[in-house]
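Engineer: As input, take structure-v9.cif (mmCIF, C-alpha atoms, pLDDT in the B column; chains and numbers go by the auth columns):
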data_protein
#
loop_
_atom_site.group_PDB
_atom_site.id
_atom_site.type_symbol
_atom_site.label_atom_id
_atom_site.label_comp_id
_atom_site.label_asym_id
_atom_site.label_seq_id
_atom_site.Cartn_x
_atom_site.Cartn_y
_atom_site.Cartn_z
_atom_site.B_iso_or_equiv
_atom_site.auth_seq_id
_atom_site.auth_asym_id
ATOM 1 C CA MET A 1 3.021 -5.933 9.816 66.00 1281 S
ATOM 2 C CA SER A 2 2.125 -5.342 13.414 84.00 1282 S
ATOM 3 C CA TYR A 3 2.208 -1.961 15.101 88.00 1283 S
ATOM 4 C CA TRP A 4 4.620 -3.247 17.700 88.00 1284 S
ATOM 5 C CA SER A 5 7.144 -4.463 15.117 91.00 1285 S
ATOM 6 C CA CYS A 6 6.886 -1.166 13.246 91.00 1286 S
ATOM 7 C CA ALA A 7 7.494 0.730 16.481 92.00 1287 S
ATOM 8 C CA ARG A 8 10.476 -1.431 17.384 93.00 1288 S
ATOM 9 C CA TYR A 9 12.131 -1.755 13.975 93.00 1289 S
ATOM 10 C CA ASN A 10 11.267 1.467 12.121 92.00 1290 S
ATOM 11 C CA LEU A 11 10.853 3.937 14.964 94.00 1291 S
ATOM 12 C CA HIS A 12 13.433 2.339 17.306 94.00 1292 S
ATOM 13 C CA LEU A 13 11.139 2.540 20.325 95.00 1293 S
ATOM 14 C CA THR A 14 11.517 0.382 23.419 94.00 1294 S
ATOM 15 C CA ASN A 15 8.572 -1.708 24.609 93.00 1295 S
ATOM 16 C CA ASP A 16 7.893 0.768 27.407 94.00 1296 S
ATOM 17 C CA GLU A 17 7.979 3.741 25.043 94.00 1297 S
ATOM 18 C CA PHE A 18 5.611 2.008 22.633 93.00 1298 S
ATOM 19 C CA TYR A 19 3.074 1.011 25.287 93.00 1299 S
ATOM 20 C CA ARG A 20 3.043 4.532 26.764 94.00 1300 S
ATOM 21 C CA LEU A 21 2.029 6.106 23.444 93.00 1301 S
ATOM 22 C CA THR A 22 -1.533 7.032 22.641 93.00 1302 S
ATOM 23 C CA PRO A 23 -2.800 5.994 19.186 92.00 1303 S
ATOM 24 C CA ARG A 24 -2.651 9.629 18.061 93.00 1304 S
ATOM 25 C CA GLN A 25 0.978 9.955 19.168 94.00 1305 S
ATOM 26 C CA PHE A 26 1.911 6.717 17.425 94.00 1306 S
ATOM 27 C CA ASP A 27 0.182 7.882 14.231 93.00 1307 S
ATOM 28 C CA SER A 28 2.099 11.171 14.382 94.00 1308 S
ATOM 29 C CA LEU A 29 5.389 9.321 14.713 96.00 1309 S
ATOM 30 C CA LEU A 30 4.512 7.100 11.745 94.00 1310 S
ATOM 31 C CA LYS A 31 3.611 10.120 9.608 94.00 1311 S
ATOM 32 C CA ARG A 32 6.898 11.784 10.501 95.00 1312 S
ATOM 33 C CA HIS A 33 8.776 8.581 9.651 95.00 1313 S
ATOM 34 C CA ARG A 34 7.051 8.438 6.220 92.00 1314 S
ATOM 35 C CA GLU A 35 7.977 12.090 5.606 94.00 1315 S
ATOM 36 C CA GLN A 36 11.603 11.323 6.419 95.00 1316 S
ATOM 37 C CA ILE A 37 11.640 8.338 4.044 94.00 1317 S
ATOM 38 C CA GLU A 38 10.108 10.422 1.249 93.00 1318 S
ATOM 39 C CA HIS A 39 12.643 13.214 1.841 95.00 1319 S
ATOM 40 C CA GLU A 40 15.526 10.732 1.595 95.00 1320 S
ATOM 41 C CA GLU A 41 13.990 9.262 -1.565 94.00 1321 S
ATOM 42 C CA LEU A 42 13.665 12.770 -3.023 94.00 1322 S
ATOM 43 C CA LEU A 43 17.353 13.497 -2.416 95.00 1323 S
ATOM 44 C CA ALA A 44 18.363 10.241 -4.076 95.00 1324 S
ATOM 45 C CA GLY A 45 15.844 10.860 -6.871 94.00 1325 S
ATOM 46 C CA ILE A 46 17.305 14.285 -7.604 95.00 1326 S
ATOM 47 C CA ILE A 47 20.770 12.815 -7.968 96.00 1327 S
ATOM 48 C CA ALA A 48 19.540 9.905 -10.085 94.00 1328 S
ATOM 49 C CA SER A 49 17.488 12.124 -12.410 94.00 1329 S
ATOM 50 C CA VAL A 50 20.395 14.546 -12.918 94.00 1330 S
ATOM 51 C CA VAL A 51 22.742 11.667 -13.745 94.00 1331 S
ATOM 52 C CA VAL A 52 20.255 10.162 -16.216 93.00 1332 S
ATOM 53 C CA ASN A 53 19.256 13.476 -17.821 93.00 1333 S
ATOM 54 C CA PHE A 54 22.837 14.613 -18.413 91.00 1334 S
ATOM 55 C CA SER A 55 24.384 11.291 -19.392 89.00 1335 S
ATOM 56 C CA LEU A 56 25.565 10.473 -22.910 84.00 1336 S
ATOM 57 C CA GLY A 57 22.503 8.284 -23.444 85.00 1337 S
ATOM 58 C CA ALA A 58 20.020 10.764 -21.999 86.00 1338 S
ATOM 59 C CA PRO A 59 16.352 10.089 -22.712 87.00 1339 S
ATOM 60 C CA LYS A 60 14.508 12.402 -25.116 87.00 1340 S
ATOM 61 C CA THR A 61 12.029 13.289 -22.408 89.00 1341 S
ATOM 62 C CA GLY A 62 13.731 14.139 -19.155 89.00 1342 S
ATOM 63 C CA THR A 63 13.182 12.173 -15.984 91.00 1343 S
ATOM 64 C CA LYS A 64 11.876 13.636 -12.737 91.00 1344 S
ATOM 65 C CA PRO A 65 13.048 12.839 -9.206 92.00 1345 S
ATOM 66 C CA ALA A 66 9.644 11.200 -8.565 90.00 1346 S
ATOM 67 C CA ASP A 67 10.507 8.609 -11.229 90.00 1347 S
ATOM 68 C CA PHE A 68 13.110 7.273 -8.800 90.00 1348 S
ATOM 69 C CA MET A 69 10.985 7.460 -5.635 90.00 1349 S
ATOM 70 C CA PRO A 70 9.285 4.154 -4.716 89.00 1350 S
ATOM 71 C CA SER A 71 6.889 5.973 -2.381 85.00 1351 S
ATOM 72 C CA GLN A 72 5.567 7.934 -5.368 83.00 1352 S
ATOM 73 C CA TRP A 73 5.132 4.907 -7.636 80.00 1353 S
ATOM 74 C CA ARG A 74 2.168 3.539 -5.712 70.00 1354 S
ATOM 75 C CA THR A 75 0.375 6.894 -5.654 59.00 1355 S
ATOM 76 C CA ASN A 76 0.180 6.900 -9.454 55.00 1356 S
ATOM 77 C CA VAL A 77 -1.749 3.635 -9.499 59.00 1357 S
ATOM 78 C CA GLN A 78 -5.495 4.076 -9.531 62.00 1358 S
ATOM 79 C CA LYS A 79 -7.256 2.457 -6.626 61.00 1359 S
ATOM 80 C CA PRO A 80 -10.314 0.385 -7.431 62.00 1360 S
ATOM 81 C CA ARG A 81 -13.546 2.127 -6.566 67.00 1361 S
ATOM 82 C CA ASN A 82 -15.860 0.533 -4.073 69.00 1362 S
ATOM 83 C CA GLU A 83 -19.084 -0.262 -5.853 70.00 1363 S
ATOM 84 C CA ARG A 84 -22.321 -0.019 -3.995 76.00 1364 S
ATOM 85 C CA MET A 85 -24.045 -3.361 -3.627 78.00 1365 S
ATOM 86 C CA THR A 86 -27.473 -3.011 -5.238 86.00 1366 S
ATOM 87 C CA LYS A 87 -30.384 -5.320 -4.441 87.00 1367 S
ATOM 88 C CA LYS A 88 -30.096 -6.987 -7.857 88.00 1368 S
ATOM 89 C CA LYS A 89 -26.371 -7.600 -7.437 85.00 1369 S
ATOM 90 C CA ARG A 90 -26.880 -8.871 -3.892 85.00 1370 S
ATOM 91 C CA GLN A 91 -29.554 -11.274 -5.166 89.00 1371 S
ATOM 92 C CA ARG A 92 -27.266 -12.525 -7.972 87.00 1372 S
ATOM 93 C CA VAL A 93 -24.457 -13.184 -5.499 85.00 1373 S
ATOM 94 C CA ALA A 94 -26.834 -14.992 -3.128 87.00 1374 S
ATOM 95 C CA ASN A 95 -28.242 -17.108 -5.968 89.00 1375 S
ATOM 96 C CA SER A 96 -24.806 -18.072 -7.229 88.00 1376 S
ATOM 97 C CA LEU A 97 -23.718 -19.039 -3.693 85.00 1377 S
ATOM 98 C CA ARG A 98 -26.854 -21.121 -3.214 88.00 1378 S
ATOM 99 C CA ALA A 99 -26.273 -22.872 -6.545 88.00 1379 S
ATOM 100 C CA TYR A 100 -22.657 -23.578 -5.648 84.00 1380 S
ATOM 101 C CA PHE A 101 -23.492 -25.072 -2.265 84.00 1381 S
ATOM 102 C CA GLU A 102 -26.419 -27.079 -3.656 87.00 1382 S
ATOM 103 C CA ALA A 103 -24.145 -28.562 -6.339 86.00 1383 S
ATOM 104 C CA ARG A 104 -21.494 -29.315 -3.751 82.00 1384 S
ATOM 105 C CA MET A 105 -24.016 -31.007 -1.448 84.00 1385 S
ATOM 106 C CA ALA A 106 -25.323 -33.059 -4.378 86.00 1386 S
ATOM 107 C CA ARG A 107 -21.775 -34.223 -5.209 82.00 1387 S
ATOM 108 C CA GLN A 108 -21.128 -35.173 -1.602 79.00 1388 S
ATOM 109 C CA GLY A 109 -24.427 -37.075 -1.487 74.00 1389 S
ATOM 110 C CA ASN A 110 -23.395 -39.098 -4.544 66.00 1390 S
ATOM 111 C CA LYS A 111 -20.153 -40.277 -2.954 57.00 1391 S
#
Would you write out, as structure tokens, the structure that this file holds?
Structural biologist:
Amino acid sequence: MSYWSCARYNLHLTNDEFYRLTPRQFDSLLKRHREQIEHEELLAGIIASVVVNFSLGAPKTGTKPADFMPSQWRTNVQKPRNERMTKKKRQRVANSLRAYFEARMARQGNK
């Protein structure tokens, strides 16, 4: 998604308004927009959790509003850690790439 399309579609800015913004101002507007979305999700989540928790088929463990908030679902997923590239690992990657390209060149030479 481009910044321009986000500004036009989500923030409802005109082209002139968008191009007059500094990056810091644009970032502030995006943060405020995310806060608004999360607030609206929270309100809907409260209603949904109350309906589920007090229904005839209520779950044994109660639900929370966050269970119905898509913005909260992705925060519960663990992000993969960036591993530091050691010299040994770098050498293994380089060797495997060399082997791959050598094999590919040999196949092309046989054709």
Engineer: Would you be able to write out as an MDAnalysis selection string which residues have an atom within 6 Å of (8.1, -3.2, 20.5) in the file's coordinates, counting all atoms listed in the file?
Structural biologist: chainID S and resid 1284:1285 1287:1288 1294:1295
Engineer: Rounded to one decimal place, report the atom CA of Ser1335 of chain S-atom CA of Gln1316 of chain S distance in Å.
Structural biologist: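 Result for atom CA of Ser1335 of chain S versus atom CA of Gln1316 of chain S: 28.8 Å, one decimal.
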Engineer: How would you write as JSON, numbers by chain the residues that get within 12 Å of (2.0, 5.8, 14.4) in the file's frame, counting all atoms listed in the file?
Structural biologist: {"S": [1282, 1283, 1284, 1285, 1286, 1287, 1288, 1290, 1291, 1293, 1298, 1299, 1301, 1302, 1303, 1304, 1305, 1306, 1307, 1308, 1309, 1310, 1311, 1312, 1313, 1314]}
Engineer: With C-alpha atoms kept, could you save the residues just selected as an mmCIF file, in the frame of the given file?
Structural biologist:
data_model
loop_
_atom_site.group_PDB
_atom_site.id
_atom_site.type_symbol
_atom_site.label_atom_id
_atom_site.label_comp_id
_atom_site.auth_asym_id
_atom_site.auth_seq_id
_atom_site.Cartn_x
_atom_site.Cartn_y
_atom_site.Cartn_z
ATOM 1 C CA SER S 1282 2.125 -5.342 13.414
ATOM 2 C CA TYR S 1283 2.208 -1.961 15.101
ATOM 3 C CA TRP S 1284 4.620 -3.247 17.700
ATOM 4 C CA SER S 1285 7.144 -4.463 15.117
ATOM 5 C CA CYS S 1286 6.886 -1.166 13.246
ATOM 6 C CA ALA S 1287 7.494 0.730 16.481
ATOM 7 C CA ARG S 1288 10.476 -1.431 17.384
ATOM 8 C CA ASN S 1290 11.267 1.467 12.121
ATOM 9 C CA LEU S 1291 10.853 3.937 14.964
ATOM 10 C CA LEU S 1293 11.139 2.540 20.325
ATOM 11 C CA PHE S 1298 5.611 2.008 22.633
ATOM 12 C CA TYR S 1299 3.074 1.011 25.287
ATOM 13 C CA LEU S 1301 2.029 6.106 23.444
ATOM 14 C CA THR S 1302 -1.533 7.032 22.641
ATOM 15 C CA PRO S 1303 -2.800 5.994 19.186
ATOM 16 C CA ARG S 1304 -2.651 9.629 18.061
ATOM 17 C CA GLN S 1305 0.978 9.955 19.168
ATOM 18 C CA PHE S 1306 1.911 6.717 17.425
ATOM 19 C CA ASP S 1307 0.182 7.882 14.231
ATOM 20 C CA SER S 1308 2.099 11.171 14.382
ATOM 21 C CA LEU S 1309 5.389 9.321 14.713
ATOM 22 C CA LEU S 1310 4.512 7.100 11.745
ATOM 23 C CA LYS S 1311 3.611 10.120 9.608
ATOM 24 C CA ARG S 1312 6.898 11.784 10.501
ATOM 25 C CA HIS S 1313 8.776 8.581 9.651
ATOM 26 C CA ARG S 1314 7.051 8.438 6.220
#
Engineer: One decimal, Å: what's the distance from atom CA of Arg1354 of chain S over to atom CA of Phe1334 of chain S, could you say?
Structural biologist: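 Answer for the atom CA of Arg1354 of chain S to atom CA of Phe1334 of chain S separation: 26.7 Å.
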Engineer: Just so the selection is clear, what residues does the PyMOL selection byres ((chain S and resi 1327-1331) around 9) cover here, as JSON, numbers by chain?
Structural biologist: {"S": [1322, 1323, 1324, 1325, 1326, 1332, 1333, 1334, 1335, 1338, 1342, 1343, 1344, 1345, 1346, 1347, 1348]}
Engineer: Just give me the gap between atom CA of Arg1387 of chain S and atom CA of Ala1374 of chain S in Å, one decimal is fine.
Structural biologist: 20.0 Å
Engineer: Point out the residue among S:Ser1351, S:Arg1370, S:Arg1364, S:Ser1376 with the least atom-to-atom distance to Glu1315 of chain S, counting only C-alpha atoms.
Structural biologist: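 Nearest candidate to Glu1315 of chain S out of S:Ser1351, S:Arg1370, S:Arg1364, S:Ser1376: S:Ser1351.
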